[in-house]
Amino acid sequence: MITLLILTAVILTALAFEFINGFHDSANAIATIVSTKVLTPRQAVLFGATLEFAGALTGTHVAKTIGSGIVNAEMVTLTVIFCALSAAVLWNLLTWWLGLPSSSSHALIGGLLGAAVVKAGVGSIHVLTFLNKVIVPMFASPVLGFCTGFLLMLFLIRILYKANPQKVNKKFRRLQLVSAGLMALSHGSNDAQKTMGIITLALIAGGVLHTKNGFEIPIYVILICAITMAAGTMNGGWKIIKTMGHKIIKLKPIHGFAAETSAAGIILSASHMGIPLSTTHVISTAIMGVGSTLNANAVKWRIVGNIIIAWVLTIPACMLLSAGIYYTICHLAASL
């Protein structure tokens, strides 16, 4: 009975994380189409939520990495998972309140690592997978996002430099619906899967599922995570949308198209390879890359500096937060 209550609490916390992830990271998909006035905010969140839902149904490669690739599933308990989720939720709420587009993915991974290390030691971590699928992409994806956005924008400038600016603006207002749609689809394909992996891990830890046939994500977990992510997106994190869409650079439709297309291509590729990428890192740096084609002063580097600080701090901060929560719970349990 107690195990069932704990499992229920863990699943509810996981869904709360998924919902917060949706509104915290909704800026990734819809900030540019709002800032360039291609769609109204209400239209944008409905558009984004629909494609976030569709993206969440496109595969489970990332879910398997989160659920079984980073820490040893046999060493993970429901308490570890609860602490990881609690740390990620608290970090997301803090960065949302500050208006900083930090990584929900890294918050969850940091939380999982912190509690798992306190529970079972460093041996509970699959070090090679963590390095190859978290640390390397953590540093490579911002560089790739910046360079891809920069090069695509240069290409567009080169082929359209003689075109009428009003006609270009009108055409890219339409094309941006496609690029924003791809961005929402890619975000759902990567971020929604992370909670799928965590819930499946909790069901295994709670004895509801077994791994004799491998780490497989049940269809009901996929559907409930997709619905929750879409619901979170519909509630939009407007503080972060303002940072992404207005404070980094002043975007026009052609800039939004270049940034979104660049980021979506990178994220969809990562989802296919099972890499839990930070969609926030990729779209932020793609926007910076696009802005840098105008001139270095087009990007507000002070804002960028604040974002980078949040990126760097996310994993270690969530590790410490999760470890602290786990230690507190164990201390309280021992004193009762």
# chains A, B, ... in the order shown; residues from 1 in each chain; ligands from 1
call {"tool": "residues_around", "arguments": {"residues": "Thr195 in chain A", "least_positions_apart": "5", "cutoff": "7 Å", "atoms": "only C-alpha atoms", "output": "JSON, numbers by chain"}}
result
{"A": [14, 18, 225]}
call {"tool": "residues_around", "arguments": {"residues": "Pro142 in chain A", "least_positions_apart": "4", "cutoff": "7 Å", "atoms": "only C-alpha atoms", "output": "short mmCIF file (atom, residue, chain, number, x, y, z; two decimals) with C-alpha atoms, in the first residue's frame"}}
result
data_model
loop_
_atom_site.label_atom_id
_atom_site.label_comp_id
_atom_site.auth_asym_id
_atom_site.auth_seq_id
_atom_site.Cartn_x
_atom_site.Cartn_y
_atom_site.Cartn_z
CA PHE A 146 24.92 28.99 -33.50
CA HIS A 281 20.31 25.52 -25.86
CA VAL A 282 19.80 24.84 -29.55
CA THR A 285 22.08 29.75 -29.93
#
call {"tool": "closest_atom_pairs", "arguments": {"of": "range 54-170 of chain A", "to": "range 184-191 of chain A", "cutoff": "8 Å", "atoms": "only C-alpha atoms", "output": "tab-separated table"}}
result
residue	atom	partner	partner_atom	distance
A:Ala54	CA	A:Leu185	CA	6.5
A:Gly55	CA	A:Leu185	CA	4.3
A:Ala56	CA	A:Gly188	CA	4.6
A:Leu57	CA	A:Ser189	CA	7.0
A:Thr58	CA	A:Ser189	CA	6.1
A:Gly59	CA	A:Ser189	CA	7.0
A:Val62	CA	A:Asn190	CA	6.4
A:Ser105	CA	A:Asp191	CA	6.9
call {"tool": "atom_distance", "arguments": {"atom1": "CA of Ala192 in chain A", "atom2": "CA of Cys318 in chain A"}}
result
19.3 Å
call {"tool": "closest_residue", "arguments": {"among": "A:Ile6, A:Leu12, A:Val34, A:Val208", "to": "Ile224 in chain A", "atoms": "only C-alpha atoms"}}
result
A:Leu12
call {"tool": "closest_residue", "arguments": {"among": "A:Leu51, A:Leu128, A:Leu90, A:Ala73", "to": "Ala116 in chain A", "atoms": "only C-alpha atoms"}}
result
A:Ala73
call {"tool": "select_by_dssp", "arguments": {"residues": "range 84-303 of chain A", "states": "alpha helix (DSSP H)", "output": "number ranges by chain"}}
result
A: 84-98, 104-120, 127-130, 136-160, 165-205, 219-234, 238-242, 253-272, 279-292, 301-303
call {"tool": "residues_around", "arguments": {"residues": "Ala115 in chain A", "least_positions_apart": "5", "cutoff": "10 Å", "atoms": "only C-alpha atoms", "output": "ChimeraX atom specification"}}
result
/A:76-77,79-84,87,110,120-121,318-327
call {"tool": "write_last_selection", "arguments": {"atoms": "C-alpha atoms", "output": "PDB file, in the first residue's frame"}}
result
ATOM      1  CA  VAL A  76      17.042   3.364  -8.632  1.00  0.00           C
ATOM      2  CA  THR A  77      14.228   3.554  -6.101  1.00  0.00           C
ATOM      3  CA  THR A  79      12.540   7.909  -3.579  1.00  0.00           C
ATOM      4  CA  VAL A  80      15.452   8.617  -5.939  1.00  0.00           C
ATOM      5  CA  ILE A  81      13.044   9.371  -8.779  1.00  0.00           C
ATOM      6  CA  PHE A  82      10.871  11.593  -6.576  1.00  0.00           C
ATOM      7  CA  CYS A  83      13.911  13.609  -5.473  1.00  0.00           C
ATOM      8  CA  ALA A  84      15.123  13.976  -9.067  1.00  0.00           C
ATOM      9  CA  ALA A  87      14.750  19.175  -7.910  1.00  0.00           C
ATOM     10  CA  GLY A 110      21.097  16.525 -12.807  1.00  0.00           C
ATOM     11  CA  ALA A 120      24.088   3.999  -4.521  1.00  0.00           C
ATOM     12  CA  GLY A 121      27.345   5.837  -5.160  1.00  0.00           C
ATOM     13  CA  CYS A 318      20.038  20.181  -9.614  1.00  0.00           C
ATOM     14  CA  MET A 319      22.460  17.463  -8.494  1.00  0.00           C
ATOM     15  CA  LEU A 320      23.018  19.301  -5.214  1.00  0.00           C
ATOM     16  CA  LEU A 321      19.329  20.102  -4.804  1.00  0.00           C
ATOM     17  CA  SER A 322      18.270  16.513  -5.456  1.00  0.00           C
ATOM     18  CA  ALA A 323      20.977  15.120  -3.175  1.00  0.00           C
ATOM     19  CA  GLY A 324      19.856  17.495  -0.436  1.00  0.00           C
ATOM     20  CA  ILE A 325      16.211  16.463  -0.808  1.00  0.00           C
ATOM     21  CA  TYR A 326      17.159  12.770  -0.719  1.00  0.00           C
ATOM     22  CA  TYR A 327      19.327  13.230   2.381  1.00  0.00           C
TER      23      TYR A 327
END
call {"tool": "residues_around", "arguments": {"residues": "Gly207 in chain A", "least_positions_apart": "3", "cutoff": "10 Å", "atoms": "only C-alpha atoms", "output": "number ranges by chain"}}
result
A: 3-4, 7, 201-204, 210
call {"tool": "residues_around", "arguments": {"residues": "Val38 in chain A", "least_positions_apart": "3", "cutoff": "9 Å", "atoms": "only C-alpha atoms", "output": "list in words"}}
result
Thr32, Ile33, Val34, Ser35, Ala44, Arg173, Arg174, Gln176, Leu177 and Pro253 of chain A
call {"tool": "closest_residue", "arguments": {"among": "A:Lys64, A:His106, A:Lys119, A:Lys170", "to": "Thr200 in chain A", "atoms": "only C-alpha atoms"}}
result
A:Lys64
call {"tool": "closest_residue", "arguments": {"among": "A:Ile198, A:Cys147, A:Ala317, A:Val312", "to": "Ala286 in chain A", "atoms": "only C-alpha atoms"}}
result
A:Cys147
